[in-house]
$ cat query.cif   # mmCIF, C-alpha atoms and all ligand atoms
data_protein
#
loop_
_atom_site.label_atom_id
_atom_site.label_comp_id
_atom_site.auth_asym_id
_atom_site.auth_seq_id
_atom_site.Cartn_x
_atom_site.Cartn_y
_atom_site.Cartn_z
CA MET A 1 103.74 104.48 111.97
CA ILE A 2 102.72 103.94 108.37
CA LEU A 3 102.11 100.37 107.25
CA ALA A 4 101.53 99.97 103.55
CA LEU A 5 100.34 97.26 101.21
CA ALA A 6 102.56 97.39 98.11
CA PRO A 7 100.96 97.91 94.72
CA MET A 8 101.06 94.64 92.79
CA ASP A 9 99.78 94.41 89.28
CA GLY A 10 97.25 91.59 88.97
CA ILE A 11 97.09 91.20 92.77
CA THR A 12 96.10 94.30 94.75
CA ASP A 13 92.68 94.81 93.22
CA LEU A 14 89.74 96.14 95.18
CA ALA A 15 88.90 92.75 96.73
CA CYS A 16 92.47 92.15 97.90
CA ARG A 17 92.76 95.63 99.38
CA VAL A 18 89.44 95.44 101.21
CA ILE A 19 90.25 92.04 102.74
CA THR A 20 93.66 93.31 103.92
CA LYS A 21 92.09 96.40 105.48
CA LYS A 22 89.29 94.47 107.21
CA ILE A 23 91.83 92.16 108.83
CA PHE A 24 93.97 95.12 109.88
CA GLU A 25 91.00 96.94 111.43
CA LYS A 26 90.00 93.85 113.34
CA HIS A 27 93.39 93.01 114.81
CA ASN A 28 95.39 96.23 115.00
CA LYS A 29 95.82 97.23 118.63
CA ASN A 30 97.96 100.31 118.10
CA PRO A 31 96.01 103.47 117.20
CA GLU A 32 99.24 105.07 115.96
CA ASN A 33 99.55 102.49 113.19
CA GLN A 34 97.93 103.50 109.93
CA LEU A 35 97.41 101.19 106.94
CA ILE A 36 97.83 102.75 103.51
CA LEU A 37 96.63 100.84 100.46
CA ARG A 38 97.66 101.28 96.84
CA THR A 39 96.01 100.34 93.60
CA GLU A 40 97.79 98.33 90.94
CA PHE A 41 99.55 100.69 88.56
CA MET A 42 97.69 102.05 85.58
CA THR A 43 99.39 103.36 82.45
CA SER A 44 98.43 106.90 81.56
CA ASP A 45 98.89 105.97 77.92
CA GLY A 46 96.33 103.18 78.31
CA TYR A 47 93.98 105.43 80.25
CA ILE A 48 94.00 108.10 77.55
CA ALA A 49 93.66 105.59 74.70
CA ASN A 50 91.03 103.28 76.19
CA PRO A 51 89.89 103.89 79.77
CA ASP A 52 87.47 100.95 79.64
CA LYS A 53 90.41 98.57 79.57
CA VAL A 54 92.25 99.98 82.56
CA ILE A 55 89.57 101.57 84.74
CA LYS A 56 89.29 98.54 87.00
CA HIS A 57 92.83 99.22 88.22
CA ILE A 58 91.80 102.43 89.91
CA ILE A 59 88.21 101.86 91.01
CA HIS A 60 88.04 102.05 94.75
CA THR A 61 85.64 102.59 97.62
CA GLU A 62 85.75 105.09 100.44
CA TYR A 63 86.35 102.18 102.79
CA GLU A 64 89.90 101.95 101.43
CA ASN A 65 90.78 105.37 102.80
CA PRO A 66 93.64 106.33 102.67
CA LEU A 67 94.33 104.90 99.23
CA ILE A 68 97.15 105.73 96.85
CA LEU A 69 96.28 105.50 93.20
CA GLN A 70 99.31 104.67 91.11
CA ILE A 71 99.99 105.73 87.55
CA PHE A 72 103.03 105.29 85.31
CA TRP A 73 104.32 106.35 81.94
CA TRP A 74 107.23 108.47 80.78
CA ASN A 75 105.43 111.23 78.91
CA LYS A 76 104.76 114.34 81.03
CA LYS A 77 101.75 115.55 79.07
CA LYS A 78 100.00 112.19 79.25
CA LEU A 79 100.80 111.75 82.91
CA LEU A 80 99.45 115.19 83.75
CA LYS A 81 96.31 114.70 81.67
CA THR A 82 95.63 111.37 83.37
CA ALA A 83 96.35 112.67 86.85
CA LEU A 84 94.10 115.70 86.43
CA ASP A 85 91.32 113.64 84.89
CA ILE A 86 91.26 111.01 87.61
CA GLU A 87 91.50 113.71 90.24
CA LYS A 88 88.42 115.35 88.77
CA LYS A 89 86.38 112.21 88.12
CA TYR A 90 87.30 110.06 91.08
CA TRP A 91 87.88 112.72 93.71
CA ASN A 92 86.28 111.48 96.88
CA LYS A 93 88.83 112.67 99.37
CA VAL A 94 90.12 109.19 99.99
CA PHE A 95 93.13 108.91 97.76
CA TRP A 96 96.24 110.54 96.51
CA ILE A 97 98.19 110.05 93.36
CA GLU A 98 101.52 108.32 92.97
CA LEU A 99 103.97 108.11 90.10
CA ASN A 100 105.69 104.77 89.69
CA MET A 101 109.27 105.25 88.59
CA GLY A 102 110.77 102.02 87.37
CA CYS A 103 108.75 98.90 87.96
CA PRO A 104 110.17 95.79 86.31
CA ALA A 105 106.86 93.90 85.99
CA ASN A 106 107.15 91.51 83.03
CA ASN A 107 104.71 93.29 80.75
CA VAL A 108 106.41 96.63 81.46
CA MET A 109 109.97 95.39 81.01
CA LYS A 110 109.33 94.41 77.43
CA SER A 111 109.00 98.07 76.53
CA TRP A 112 112.02 100.32 75.98
CA TRP A 113 110.72 103.02 78.29
CA TRP A 114 110.40 100.78 81.32
CA SER A 115 113.40 102.38 82.97
CA ALA A 116 113.10 105.79 81.29
CA LEU A 117 112.19 107.66 84.46
CA LEU A 118 115.12 106.20 86.38
CA LYS A 119 117.59 106.94 83.59
CA ASP A 120 116.64 110.49 82.75
CA LYS A 121 116.59 112.08 86.18
CA GLU A 122 116.29 115.64 84.89
CA SER A 123 113.10 114.90 82.98
CA SER A 124 111.83 112.89 85.93
CA LEU A 125 112.27 115.82 88.26
CA ASP A 126 110.45 118.03 85.80
CA ILE A 127 107.54 115.54 85.70
CA ILE A 128 107.46 115.37 89.50
CA LYS A 129 107.41 119.16 89.84
CA THR A 130 104.68 119.50 87.20
CA LEU A 131 102.45 116.88 88.77
CA SER A 132 102.86 118.11 92.31
CA GLU A 133 102.28 121.75 91.33
CA ASN A 134 99.14 120.99 89.32
CA LEU A 135 97.43 118.46 91.55
CA LYS A 136 95.20 119.35 94.48
CA LEU A 137 95.62 115.87 95.87
CA PRO A 138 98.73 114.80 97.74
CA PHE A 139 101.38 113.40 95.43
CA SER A 140 103.98 110.69 95.99
CA ILE A 141 106.53 108.63 94.07
CA LYS A 142 107.70 105.04 94.32
CA SER A 143 111.15 104.21 93.11
CA ARG A 144 114.23 102.05 93.65
CA THR A 145 117.76 102.58 94.92
CA GLY A 146 118.86 103.26 91.35
CA LEU A 147 119.42 101.65 87.98
CA ASN A 148 122.43 99.73 89.27
CA GLU A 149 125.17 100.03 91.89
CA GLU A 150 126.94 102.86 90.01
CA ASP A 151 123.74 104.90 89.79
CA LYS A 152 123.03 104.94 93.54
CA LYS A 153 124.74 108.24 94.33
CA ALA A 154 122.95 110.09 91.54
CA GLN A 155 119.69 108.44 92.58
CA MET A 156 120.18 109.60 96.19
CA ASN A 157 120.71 113.21 95.05
CA PHE A 158 117.71 112.97 92.78
CA LEU A 159 115.45 111.62 95.54
CA ILE A 160 116.57 114.28 98.02
CA GLU A 161 115.66 116.96 95.48
CA ALA A 162 112.39 115.18 94.63
CA SER A 163 111.44 115.10 98.33
CA ASN A 164 110.85 118.87 98.13
CA PHE A 165 107.87 118.20 95.85
CA CYS A 166 106.43 114.96 97.26
CA HIS A 167 104.29 114.14 100.28
CA MET A 168 105.82 110.68 100.36
CA ILE A 169 108.59 108.66 98.73
CA THR A 170 108.60 104.88 98.90
CA ILE A 171 111.78 103.04 98.01
CA HIS A 172 112.13 99.40 97.07
CA ALA A 173 115.57 98.66 98.51
CA ARG A 174 116.99 97.19 95.31
CA THR A 175 118.34 98.57 92.07
CA LEU A 176 116.38 98.02 88.89
CA LYS A 177 119.09 95.59 87.75
CA GLU A 178 118.46 93.44 90.81
CA LEU A 179 114.76 93.08 89.97
CA TYR A 180 113.08 91.18 92.82
CA SER A 181 116.07 89.23 94.11
CA GLY A 182 119.48 90.44 95.22
CA ASN A 183 120.77 92.26 98.22
CA TRP A 184 118.58 94.67 100.12
CA ASP A 185 120.14 98.04 100.64
CA ARG A 186 118.03 99.39 103.44
CA ASP A 187 120.89 101.65 104.54
CA PHE A 188 120.23 103.61 101.33
CA ILE A 189 116.71 104.34 102.57
CA TYR A 190 117.82 105.23 106.10
CA GLU A 191 120.33 107.67 104.55
CA LEU A 192 117.64 109.12 102.29
CA LYS A 193 115.45 109.80 105.32
CA LYS A 194 118.29 111.80 106.91
CA GLY A 195 118.76 114.00 103.82
CA ALA A 196 115.18 114.33 102.57
CA ASN A 197 112.83 117.24 103.19
CA LYS A 198 111.31 116.71 106.65
CA ASN A 199 107.79 117.20 105.27
CA CYS A 200 108.19 114.23 102.93
CA LYS A 201 107.49 110.83 104.46
CA ILE A 202 110.00 108.11 103.58
CA ILE A 203 108.77 104.53 103.40
CA GLY A 204 110.99 101.45 103.06
CA ASN A 205 110.04 98.43 101.00
CA GLY A 206 111.43 95.04 100.03
CA GLY A 207 111.94 91.59 101.51
CA ILE A 208 109.89 92.04 104.68
CA ASN A 209 108.32 88.76 105.76
CA SER A 210 106.77 89.30 109.18
CA PHE A 211 105.39 91.90 111.55
CA GLU A 212 108.53 91.46 113.69
CA GLU A 213 110.61 92.48 110.68
CA ILE A 214 108.37 95.47 110.03
CA LYS A 215 109.08 96.64 113.57
CA SER A 216 112.82 95.98 113.50
CA LYS A 217 113.52 97.43 110.03
CA THR A 218 111.56 100.67 110.43
CA LYS A 219 114.35 102.48 112.35
CA ASN A 220 114.26 106.19 111.37
CA LEU A 221 111.69 105.69 108.59
CA ASP A 222 108.07 106.82 108.61
CA GLY A 223 106.88 103.36 107.70
CA ILE A 224 107.27 100.08 105.85
CA MET A 225 105.54 98.75 102.78
CA VAL A 226 105.03 95.01 102.20
CA GLY A 227 104.26 93.26 98.92
CA GLN A 228 104.65 89.56 98.30
CA SER A 229 104.44 88.39 101.93
CA ALA A 230 101.13 90.18 102.35
CA ILE A 231 99.52 88.00 99.68
CA TRP A 232 99.78 84.81 101.64
CA ASN A 233 99.59 86.58 104.96
CA PRO A 234 97.22 89.55 104.84
CA ARG A 235 97.61 89.72 108.64
CA ILE A 236 101.26 90.75 108.31
CA PHE A 237 100.41 94.29 109.45
CA THR A 238 99.50 93.07 112.95
CA TRP A 239 100.92 90.60 115.47
CA TYR A 240 97.83 88.45 115.13
CA SER A 241 98.18 84.81 114.14
CA PRO A 242 94.93 83.40 112.71
CA SER A 243 93.35 80.02 113.41
CA LEU A 244 92.56 77.63 110.54
CA GLN A 245 88.88 78.55 110.89
CA GLU A 246 89.75 82.23 110.42
CA LYS A 247 91.92 81.45 107.40
CA PHE A 248 89.02 79.49 105.91
CA GLU A 249 86.60 82.38 106.53
CA THR A 250 89.03 84.87 104.95
CA ILE A 251 89.41 82.67 101.86
CA LEU A 252 85.62 82.45 101.44
CA GLU A 253 85.15 86.16 102.00
CA HIS A 254 87.92 86.95 99.52
CA ILE A 255 86.64 84.73 96.69
CA SER A 256 83.08 86.10 97.15
CA LEU A 257 84.25 89.71 97.11
CA LEU A 258 86.35 89.00 94.03
CA ALA A 259 83.25 87.57 92.30
CA LYS A 260 81.17 90.60 93.28
CA PHE A 261 83.86 92.94 92.02
CA GLU A 262 83.95 91.02 88.74
CA ILE A 263 80.17 91.49 88.40
CA PHE A 264 80.46 95.18 89.28
CA ILE A 265 83.16 95.75 86.64
CA SER A 266 81.26 93.79 84.05
CA ASP A 267 78.15 95.97 84.59
CA LEU A 268 80.29 99.09 84.60
CA ASN A 269 81.85 98.36 81.24
CA SER A 270 78.54 97.48 79.65
CA GLN A 271 77.09 100.82 80.79
CA ASN A 272 80.11 102.89 79.86
CA LEU A 273 79.88 104.39 83.30
CA TRP A 274 83.55 105.29 83.40
CA LYS A 275 82.63 108.44 81.56
CA ASN A 276 80.93 109.64 84.73
CA LYS A 277 82.13 109.95 88.27
CA ILE A 278 82.53 106.53 89.81
CA LYS A 279 82.34 106.38 93.56
CA PRO A 280 81.01 102.96 94.53
CA LYS A 281 80.30 102.26 98.18
CA LEU A 282 81.71 99.03 99.54
CA LYS A 283 78.19 98.07 100.66
CA GLU A 284 76.99 98.48 97.09
CA ILE A 285 79.56 95.93 95.90
CA GLU A 286 79.10 93.62 98.88
CA SER A 287 75.33 93.49 98.36
CA ILE A 288 75.64 92.14 94.79
CA ASP A 289 73.90 88.77 94.47
CA ILE A 290 76.41 86.33 92.94
CA GLN A 291 73.85 83.65 92.09
CA LYS A 292 71.60 86.11 90.26
CA ASN A 293 74.61 87.25 88.18
CA TYR A 294 76.19 83.85 87.83
CA LYS A 295 77.19 84.18 84.18
CA LYS A 296 79.34 87.20 85.01
CA VAL A 297 81.63 85.38 87.45
CA TYR A 298 83.28 83.46 84.68
CA TYR A 299 86.88 84.45 85.52
CA THR A 300 86.69 84.47 89.32
CA PRO A 301 87.89 80.83 89.87
CA LEU A 302 90.83 81.46 87.54
CA LEU A 303 91.67 84.83 89.10
CA PHE A 304 91.40 83.46 92.63
CA ARG A 305 93.94 80.66 92.08
CA LYS A 306 96.95 82.87 92.70
CA TYR A 307 95.54 83.99 96.07
CA LEU A 308 94.43 80.49 97.04
CA HIS A 309 97.90 79.08 96.38
CA GLN A 310 99.33 81.74 98.67
CA TYR A 311 96.69 81.26 101.38
CA LEU A 312 97.37 77.51 101.41
CA LYS A 313 101.10 78.01 101.96
CA ASN A 314 102.10 76.20 105.17
CA ILE A 315 98.76 74.34 105.38
CA PRO A 316 99.59 70.61 105.25
CA ASN A 317 98.11 68.34 102.56
CA SER A 318 96.68 71.21 100.56
CA LYS A 319 98.27 70.10 97.28
CA GLU A 320 95.14 68.22 96.26
CA LEU A 321 92.94 71.29 96.76
CA LYS A 322 95.37 73.41 94.74
CA GLU A 323 95.27 70.91 91.88
CA LEU A 324 91.49 70.65 92.05
CA CYS A 325 91.07 74.42 91.96
CA ASN A 326 93.52 74.70 89.07
CA LYS A 327 91.09 72.61 87.01
CA THR A 328 87.83 74.12 88.27
CA LYS A 329 86.25 76.83 86.17
CA ASP A 330 82.92 77.00 87.98
CA PHE A 331 82.58 79.44 90.90
CA ASN A 332 80.21 77.33 93.06
CA GLN A 333 82.37 74.26 92.54
CA SER A 334 85.49 76.20 93.58
CA VAL A 335 83.77 77.30 96.77
CA LYS A 336 82.63 73.73 97.43
CA ASN A 337 86.18 72.41 96.92
CA ILE A 338 87.45 74.88 99.51
CA GLN A 339 84.64 74.06 101.97
CA ASP A 340 85.21 70.30 101.60
CA PHE A 341 88.93 70.65 102.20
CA PHE A 342 88.60 72.79 105.33
CA SER A 343 85.74 70.70 106.76
CA LYS A 344 88.24 67.81 106.92
CA ILE A 345 90.98 69.72 108.73
CA ILE A 346 89.17 72.10 111.08
C1 LIG B 1 103.38 90.52 90.93
C2 LIG B 1 103.96 91.87 91.26
C3 LIG B 1 103.38 93.00 90.71
C4 LIG B 1 103.91 94.28 90.99
N1 LIG B 1 103.28 95.38 90.50
C5 LIG B 1 103.69 96.61 90.88
C6 LIG B 1 102.97 97.78 90.52
O1 LIG B 1 101.91 97.71 89.88
N2 LIG B 1 103.46 98.98 90.91
C7 LIG B 1 104.63 99.09 91.65
O2 LIG B 1 105.03 100.20 91.99
N3 LIG B 1 105.31 98.01 92.04
C8 LIG B 1 104.86 96.79 91.69
N4 LIG B 1 105.51 95.68 92.16
C9 LIG B 1 106.63 95.85 93.12
C10 LIG B 1 106.10 95.82 94.57
O3 LIG B 1 105.26 96.93 94.83
C11 LIG B 1 107.25 95.82 95.58
O4 LIG B 1 107.99 97.00 95.41
C12 LIG B 1 108.18 94.60 95.44
O5 LIG B 1 107.42 93.41 95.32
C13 LIG B 1 109.13 94.49 96.63
O6 LIG B 1 108.42 94.35 97.84
P1 LIG B 1 108.26 92.89 98.55
O7 LIG B 1 109.63 92.30 98.67
O8 LIG B 1 107.61 93.17 99.89
O9 LIG B 1 107.38 92.07 97.65
C14 LIG B 1 105.02 94.40 91.85
C15 LIG B 1 105.59 93.25 92.40
C16 LIG B 1 105.07 92.00 92.13
C17 LIG B 1 105.70 90.79 92.78
#

$ encode --input "query.cif" --output "structure tokens"
Amino acid sequence: MILALAPMDGITDLACRVITKKIFEKHNKNPENQLILRTEFMTSDGYIANPDKVIKHIIHTEYENPLILQIFWWNKKKLLKTALDIEKKYWNKVFWIELNMGCPANNVMKSWWWSALLKDKESSLDIIKTLSENLKLPFSIKSRTGLNEEDKKAQMNFLIEASNFCHMITIHARTLKELYSGNWDRDFIYELKKGANKNCKIIGNGGINSFEEIKSKTKNLDGIMVGQSAIWNPRIFTWYSPSLQEKFETILEHISLLAKFEIFISDLNSQNLWKNKIKPKLKEIESIDIQKNYKKVYYTPLLFRKYLHQYLKNIPNSKELKELCNKTKDFNQSVKNIQDFFSKII
């Protein structure tokens, strides 16, 4: 069965993905379960205009195998150019390419084209065919149950046709109008699985909060993808329930890896390395000395706050630590705050 970490802009960076995979590898007992990771989405328009700004969204290590690299935009030429370029430059047999079709992230929604691919299904199908025919890598799409309730039938027909050209289709069980809240329509996805090309894997997504739910909602699907619940519970892809000590160790490992990734990206940009093939090894990133590069970890405490708040969910009396970390801008001080807090409760 396929278990997938949902792409989340500003969340599922390299550090987040690696931590999730390490936990999965440690605690997964079922060899038939496979974890698939995805990068945050990257606009092909941004990539063509200024790769330096967006390259960090797609940088990955072989450790993350199998990894889906997600792009979005509405213009076929730009999408194809981006897809072919990243296939050529970042080809290391660990990833495939996915087209995001209708993500209502705040920064995307402000633009008129944010729902273009869901609205114009004919052009969308043309884009899908073009990408899948021109790419050597496997190709997938991620979409929703439609624009709104009225659009669902047309969306179902569109997805069934699209399944002839995709290795995988992942569906967030809500319409675009429903954004992130509203009723799940998982029956839509179960129906899609019945009608779709048998060679195309169908993955369900949306509102899954536990491993028990992953098991019970899979039904006829090839797998389940989890987003928001995986941030505070990166162990959601296994039955395992961690001790406080393990949570503490995960938090420390995560903040350190985030710092090392920040240093890696900072060096990358200064050397304009994106022009070449980038295939970092996880060991290469893990071996970076944070203290020797201290000035480069300027944003790590700020970036880590969103994860820390999630990790501390359900841990009693953690409000003080959250407030302290909200104010702390220094990396070593942030780590010390975390250590002090856990030393009192473990
Ligand atoms: C903060 C945030 C960022 C997201 N960014 C992306 C993205 O980059 N690409 C994408 O396809 N979906 C994105 N999504 C949607 C998720 O992948 C997922 O479909 C959605 O959160 C529903 O799954 P969940 O209920 O398990 O969270 C994002 C969602 C959130 C909450």

$ closest_residue --input "query.cif" --among "A:His172, A:Lys344, A:Lys295, A:Arg38" --to "ligand LIG 1 (chain B)" --atoms "only C-alpha atoms and all ligand atoms"
A:His172

$ atom_distance --input "query.cif" --atom1 "CA of Ile2 in chain A" --atom2 "CA of Lys119 in chain A"
29.1 Å

$ residues_around --input "query.cif" --residues "range 72-78 of chain A" --least-positions-apart "4" --cutoff "9 Å" --atoms "all atoms listed in the file" --output "list in words"
Phe41, Met42, Thr43, Ser44, Asp45, Ile48, Thr82, Ala83, Glu98, Leu99, Asn100, Met101, Gly102, Cys103, Trp113, Trp114, Ser115, Ala116, Leu117, Ser123, Ser124, Asp126, Ile127, Ile128, Thr130 and Leu131 of chain A

$ closest_residue --input "query.cif" --among "A:Lys88, A:Leu79, A:Phe95, A:Leu244" --to "Pro66 in chain A" --atoms "all atoms listed in the file"
A:Phe95

$ residues_around --input "query.cif" --residues "Asn164 in chain A" --least-positions-apart "5" --cutoff "12 Å" --atoms "all atoms listed in the file" --output "PyMOL selection string"
chain A and resi 125+128-129+132-133+139-141+157-159+169+195-201

$ residues_around --input "query.cif" --residues "Leu252 in chain A" --least-positions-apart "6" --cutoff "10 Å" --atoms "all atoms listed in the file" --output "list of chain:residue names"
A:Glu246, A:Leu258, A:Val335, A:Ile338, A:Gln339

$ atom_distance --input "query.cif" --atom1 "CA of Leu303 in chain A" --atom2 "CA of Glu253 in chain A"
14.5 Å

$ residues_near_ligand --input "query.cif" --ligand "ligand LIG 1 (chain B)" --cutoff "10 Å" --atoms "all atoms listed in the file" --output "number ranges by chain"
A: 4-12, 38-43, 57, 69-72, 98-106, 108, 141-144, 170-174, 179-181, 184, 204-209, 224-231

$ residues_around --input "query.cif" --residues "Pro242 in chain A" --least-positions-apart "4" --cutoff "12 Å" --atoms "only C-alpha atoms" --output "count of residues only"
14

$ residues_around --input "query.cif" --residues "His254 in chain A" --least-positions-apart "6" --cutoff "10 Å" --atoms "only C-alpha atoms" --output "PyMOL selection string"
chain A and resi 15-20+248+260+304+307-308

$ atom_distance --input "query.cif" --atom1 "CA of Tyr240 in chain A" --atom2 "CA of Asn28 in chain A"
8.2 Å

$ closest_residue --input "query.cif" --among "A:Ile263, A:Ile202, A:Leu135, A:Ile189" --to "Lys152 in chain A" --atoms "all atoms listed in the file"
A:Ile189

$ closest_residue --input "query.cif" --among "A:Lys194, A:Lys292, A:Lys215, A:Lys281" --to "Asn65 in chain A" --atoms "only C-alpha atoms"
A:Lys281

$ closest_residue --input "query.cif" --among "A:Leu37, A:Gly146, A:Cys325, A:Asn134" --to "Phe165 in chain A" --atoms "all atoms listed in the file"
A:Asn134
